[in-house]
Amino acid sequence: MDAVDLARWQFAITTVYHFLFVPVTIGLSAIVAGFHTQWVRTHKPEYLRLTKFFGKLFMINFALGLVTGLVQEFQFGMNWSDYSRFVGDIFGAPLAFEALLAFFLESTFLGVWIFGWGRIPEKLHAASMWLVHIGTLLSAYFILAANSFMQNPVGYRFNPETGRAEMTDFVAILTNKVQLVTFPHVAASAYMVGGAVVMGVAFWLMRRTTDAEDDRLYRKAVRVGAVVALVSGLAVTITGDIQGKIMTEVQPMKMAAAEALYETTDNAPFSVLSIGPLDGSEATRIIEIPGLLSFLGTGDWNAEVEGINDLQISEAAMAAQVGEQYGPEVAALVTADDYAPVIPLTYWSFRLMMGLGFATMGIAALMLWVTRGNRTPSAKWWTTVALVTPLLPIFANSFGWIFTEAGRQPWVVYGLMTTNSAVSPSVSTTEIWVSMSVYTALYAALAVIEVKLFLTYVVRGAEPFVDPAELETDDEDAPLQFAY
Amino acid sequence: MDLPLIWFCLIGLLWAGYLVLEGFDFGVGALLPVLGRHDTPGLGEKRRRVMLATIGPHWDGNEVWLITAGGAMFAAFPHWYATMFSAFYLPFLFLLVALILRNMGLEYRSKRDDVQWRKRWDATIIGGSIAAPFLVGVALTNLVRGLPIDADFEFTGNLLTLLNPVSLLGGAVIVGLSLTNGAFFLALKTRGPIRDAAQALGWRLGAPTALGAVVLLSWLGFTQGTAWTWMLSVLAAVALVAALAFNHQGREGMAFVGVVITVAATTATYFVALYPAVMPTTLADGTSLTVTNASSSDLTLQIMTGAALVFTPIMLLYTTWTYWTFRKRLSVANIPDPVSVG
């Protein structure tokens with residue numbers, strides 16, 4: 001493997017891993033803040049117990065999201081220095097904004113929330129979790145604005161004097177039409193993950209408990225989680241549909257790659273599954289819905305969808321024209337051997353994203369149904385369902401990103417710079433081998449530790465209720481209500 | 001207004017803020033085996049938990065100063081960010097590993113009541129709290145010392161280029177300053193025997209650090225000093241001596257302020273010595289990166305300046321508020337029983 005392949009593998013590993021924890025952080029912070037608010041409003045013990053229980057799970061997850069996020073920021077400069085030079089004038093600002101507006105807010109108020117029990121007024125305490133949640137959303141907004149620029153560059157010009165892309169309109173970058181639909185799509189997906197975590201964990205505990213009060217507690221959490229997952233799933237579906245249409249307009253190659261559609265076709269079908277190599281030779285499509293790809297891409301069942309073969313020609317022509325206009329140095333940035341992404345990867349990740357997402361919604365609906373009234377299903381396989389439930393939307397998120405990023409290849413910034421020309425020239429393949437091995441080994445070990453600890457805390461269940469009013473004291477030797 | 005100059009100063013401030021703030025939480029982490037030890041069974045563990053409780057609400061926010069410094073370099077000086085981060089490839093890899101292990105230790109160590117579990121995480125906290133400031137010190141000293149950078153802004157050296165004696169000394173000084181900072185912070189934030197122990201440690205940590213800092217800053221002064229860097233260096237040295245004297249008198253607040261000034265003045269010395277370069281080259285046919293040739297466009301810098309003007313005060317306000325909220329001194333009496341998760 002050469003430096004580009006290695007750097008790409010490292011980026012894929014570290015980013016997919018990072019994003020296992022991010023949606024949990026975004027989604028769960030909102031739900032914990034909701035439980036906490038309910039506690040402050042009603043002072044019903046169940047809400048405090050739920051706040052503390054899911055708050056602990058949130059913290060176990062947050063730790064890994066944070067540390068793997070550090071790697072993300074360093075990685076652009078370390079492995080992708082030519083990318084950083086070429087788009088830093090545009091791409092850097094959202095990252096700096098993210099740190100200044102989002103990370104400080106998130107980290108500071110999480111510290112306040114964790115250590116604030118008994119030390120700050122309860123309204124402020126609940127508000128601090130909301131501030132953490134707002135921080136996560138702001139962070140998502142800025143990093144997605146940066147990513148949307150890579151999908152659909154706007155608000156910039158190429159400056160031949162400095163040989164780089166430069167910002168001309170920051171508002172245009174923040175309101176990129178790709179961004180305006182990607183942000184709600186990603187946020188809703190994160191809520192779906194949060195809902196599924198709460199629902200799956202609580203469902204497992206509900207089936208295990210023999211205590212009537214605990215049963216009521218977990219049942220409430222199951223139903224809250226299921227409703228969140230269902231409603232946000234609906235939002236994911238709607239925003240995803242709009243996203244498909246915008247993608248067809250700004251990145252037609254990605255839409256063609258989603259279906260492995262080689263020839264430009266009217267009334268283009270969408271295959272739910274297929275067998276075969278997906279390389280344009282005859283693949284056997286199983287369950288094909290006529291016109292559905294046309295509809296997903298344009299809103300019209302009969303519309304023409306451009307195929308990979310035609311798009312190869314038009315993208316090569318576009319690149320050649322840019323090269324001609326700005327000379328050989330720029331031509332090198334936009335020239336690729338193949339303008340199509342890895343088709344089986346885009347084809348399958350697109351289906352896995354949607355399939356896992358819809359499966360989550362199905363399970364949420366099912367769980368609402370089987371827990372209605374005071375019912376609890378007794379069949380053993382429900383244990384498996386409960387444990388698998390949180391993983392489904394998390395992996396749906398992963399596949400969504402794999403599709404988005406792999407589907408943009410060979411470009412790192414669509415139409416502006418290829419991934420091949422983005423790596424650090426001064427970094428050797430040995431160095432990337434070292435870093436990739438270190439990250440992979442470290443992340444694998446941390447994953448094992450995290451999952452074990454998470455499950456330990458799940459098994460432990462919600463702690464019994466202790467009225468915080470009884471713990472209030474002015475004694476300077478009083479034990480802290482929370483300490484490491 | 002000279003926007004690149006403003007951003008150069010802001011980035012210097014962010015690094016100074018990082019070294020001051022995370023400096024004391026590095027120090028607290030690194031001193032766990034020293035101050036968190038006791039012959040009475042169980043008391044050592046309680047002491048360690050007191051120490052961690054003093055930085056508990058703050059260390060995560062402190063670390064954001066590093067992320068913001070990195071983000072600001074990326075946005076304001078893309079070439080600086082690109083050259084520096086790719087040049088320091090392996091040191092930054094180790095820095096990230098150190099920070100990851102340390103952070104995980106802080107978050108996870110008390111989540112199980114298990115001696116082995118805590119011992120292992122303590123090791124990552126201690127190791128990370130020493131390795132991280134050391135690597136940052138090595139990196140920043142290499143910046144000032146100059147690196148082989150060619151005409152395309154690419155680093156042409158290797159790991160050994162970075163491991164020169166002066167930069168290793170720079171790393172050691174930053175570790176020493178962090179340890180001193182941590183000891184003074186603990187003296188300020190705790191009660192009882194641990195406070196006395198932290199205070200007593202101040203001199204033993206501060207004196208060798210002061211010696212190292214004098215050698216380091218003199219090297220810097222004699223090789224590339226100006227009147228300004230000498231003044232800042234003297235300020236750093238005087239503040240450190242004053243801090244040790246205040247500590248000796250038991251004036252903990254002033255001692256802490258003294259060491260904060262030392263760390264900030266040392267960072268300022270580095271940045272003033274750099275200016276107008278941001279990464280000077282040691283190659284005759286190379287090109288130094290400067291605030292002019294490494295910077296972003298005016299528009300980007302204007303937008304960033306506007307955002308910094310509005311949001312930095314807000315951030316400083318709530319950060320200060322958290323330090324006020326958690327101002328109470330802690331002792332082993334404040335430590336609750338460990339969680340009962342086995």
# chains A, B, ... in the order shown; residues from 1 in each chain; ligands from 1
>>> residues_around(residues="Asn293 of chain B", least_positions_apart="2", cutoff="10 Å", atoms="only C-alpha atoms", output="MDAnalysis selection string")
(chainID A and resid 162) or (chainID B and resid 4 77 79:80 277:278 287:291 295:296)
>>> select_by_dssp(residues="segment 75-258 of chain B", states="strand (DSSP E or B)", output="ChimeraX atom specification")
/B:147,149,155,190
>>> write_last_selection(atoms="N, CA, C and O atoms", output="mmCIF file, in the first residue's frame")
data_model
loop_
_atom_site.group_PDB
_atom_site.id
_atom_site.type_symbol
_atom_site.label_atom_id
_atom_site.label_comp_id
_atom_site.auth_asym_id
_atom_site.auth_seq_id
_atom_site.Cartn_x
_atom_site.Cartn_y
_atom_site.Cartn_z
ATOM 1 N N LEU B 147 13.824 24.389 12.005
ATOM 2 C CA LEU B 147 13.786 23.034 11.476
ATOM 3 C C LEU B 147 14.182 23.076 10.008
ATOM 4 O O LEU B 147 14.038 24.112 9.354
ATOM 5 N N ILE B 149 13.360 23.095 6.711
ATOM 6 C CA ILE B 149 12.145 23.234 5.907
ATOM 7 C C ILE B 149 12.559 23.719 4.527
ATOM 8 O O ILE B 149 13.298 24.707 4.415
ATOM 9 N N PHE B 155 8.922 19.821 5.628
ATOM 10 C CA PHE B 155 9.943 19.385 6.583
ATOM 11 C C PHE B 155 10.776 18.283 5.941
ATOM 12 O O PHE B 155 10.227 17.340 5.373
ATOM 13 N N THR B 190 -6.673 22.366 48.502
ATOM 14 C CA THR B 190 -6.922 21.273 49.448
ATOM 15 C C THR B 190 -6.770 21.772 50.880
ATOM 16 O O THR B 190 -6.299 22.886 51.119
#
>>> interface_residues(of="chain B", to="chain A", cutoff="7 Å", atoms="only C-alpha atoms", output="PyMOL selection string")
chain B and resi 49+52-53+57-58+60-61+64+67-68+71-72+74-75+78-79+81-83+85-86+89+93+96+100+104+107+110+154-156+296-297+300+304+311+315+319+322+333-336
>>> residues_around(residues="segment 163-172 of chain B", least_positions_apart="2", cutoff="10 Å", atoms="only C-alpha atoms", output="VMD selection string")
chain B and resid 91 130 to 145 158 to 161 174 to 178 209 212 to 213 215 to 217 219 to 220
>>> closest_residue(among="A:Leu234, A:Val451, A:Ala258, A:Leu50", to="Tyr218 of chain A", atoms="only C-alpha atoms")
A:Leu50
>>> closest_residue(among="B:Thr180, B:Pro313, B:Asp196, B:Tyr275", to="Thr229 of chain B", atoms="only C-alpha atoms")
B:Tyr275
>>> select_by_dssp(residues="segment 47-294 of chain B", states="alpha helix (DSSP H)", output="MDAnalysis selection string")
chainID B and resid 47:55 59:76 78:87 89:108 115:145 159:162 165:189 193:224 227:249 252:274
>>> residues_around(residues="segment 14-21 of chain B", least_positions_apart="2", cutoff="7 Å", atoms="only C-alpha atoms", output="list in words")
Leu10, Ile11, Gly12, Gly23, Phe24, Asp25, Asn62, Glu63, Trp65, Leu66, Ala69, Val260, Val263, Ala264 and Thr267 of chain B
>>> atom_distance(atom1="atom CA of Pro377 of chain A", atom2="atom CA of Thr210 of chain A")
13.9 Å
>>> residues_around(residues="Ala229 of chain A", least_positions_apart="4", cutoff="6 Å", atoms="only C-alpha atoms", output="mmCIF file with N, CA, C and O atoms, in the first residue's frame")
data_model
loop_
_atom_site.group_PDB
_atom_site.id
_atom_site.type_symbol
_atom_site.label_atom_id
_atom_site.label_comp_id
_atom_site.auth_asym_id
_atom_site.auth_seq_id
_atom_site.Cartn_x
_atom_site.Cartn_y
_atom_site.Cartn_z
ATOM 1 N N MET A 192 -32.076 9.321 17.067
ATOM 2 C CA MET A 192 -32.540 7.945 16.888
ATOM 3 C C MET A 192 -31.630 6.990 17.662
ATOM 4 O O MET A 192 -32.100 6.062 18.321
ATOM 5 N N GLY A 195 -32.369 7.418 21.367
ATOM 6 C CA GLY A 195 -33.617 6.727 21.677
ATOM 7 C C GLY A 195 -33.424 5.226 21.745
ATOM 8 O O GLY A 195 -33.909 4.556 22.664
ATOM 9 N N ALA A 196 -32.664 4.689 20.777
ATOM 10 C CA ALA A 196 -32.478 3.237 20.724
ATOM 11 C C ALA A 196 -31.651 2.735 21.906
ATOM 12 O O ALA A 196 -31.899 1.650 22.427
ATOM 13 N N GLY A 233 -36.679 8.842 13.626
ATOM 14 C CA GLY A 233 -36.551 8.002 12.434
ATOM 15 C C GLY A 233 -37.328 8.577 11.268
ATOM 16 O O GLY A 233 -36.870 8.569 10.122
#
>>> atom_distance(atom1="atom CA of Pro464 of chain A", atom2="atom CA of Asp215 of chain A")
13.1 Å
>>> atom_distance(atom1="atom CA of Lys220 of chain A", atom2="atom CA of Glu46 of chain A")
9.1 Å
>>> closest_residue(among="A:Leu48, A:Val32, A:Val16, A:Ile275", to="Asp467 of chain A", atoms="only C-alpha atoms")
A:Leu48
>>> closest_residue(among="B:Ala268, B:Glu22, B:Leu201, B:Asp39", to="Val234 of chain B", atoms="only C-alpha atoms")
B:Ala268
>>> closest_residue(among="A:Val40, A:Ala187, A:Ala126, A:Val322", to="Val236 of chain A", atoms="only C-alpha atoms")
A:Ala187
>>> residues_around(residues="Ala188 of chain A", least_positions_apart="2", cutoff="10 Å", atoms="only C-alpha atoms", output="list in words")
Pro23, Ile26, Gly27, Thr182, Phe183, Pro184, His185, Val186, Ala190, Tyr191, Met192, Val193, Gly194, Val228, Ala229, Val231, Ser232, Gly233, Leu234, Ala235, Val236, Thr237 and Thr239 of chain A
>>> closest_residue(among="A:Gly55, A:Gly240, A:Gly297, A:Pro344", to="Gly400 of chain A", atoms="only C-alpha atoms")
A:Gly240
>>> residues_around(residues="Phe149 of chain A", least_positions_apart="2", cutoff="10 Å", atoms="only C-alpha atoms", output="list in words")
Val87, Ile90, Phe91, Ile143, Leu144, Ala145, Ala146, Asn147, Gln151, Asn152, Pro153, Val154, Gly155, Tyr156, Ala172, Ile173, Leu174, Asn176, Lys177, Val178, Gln179, Val413 and Tyr414 of chain A
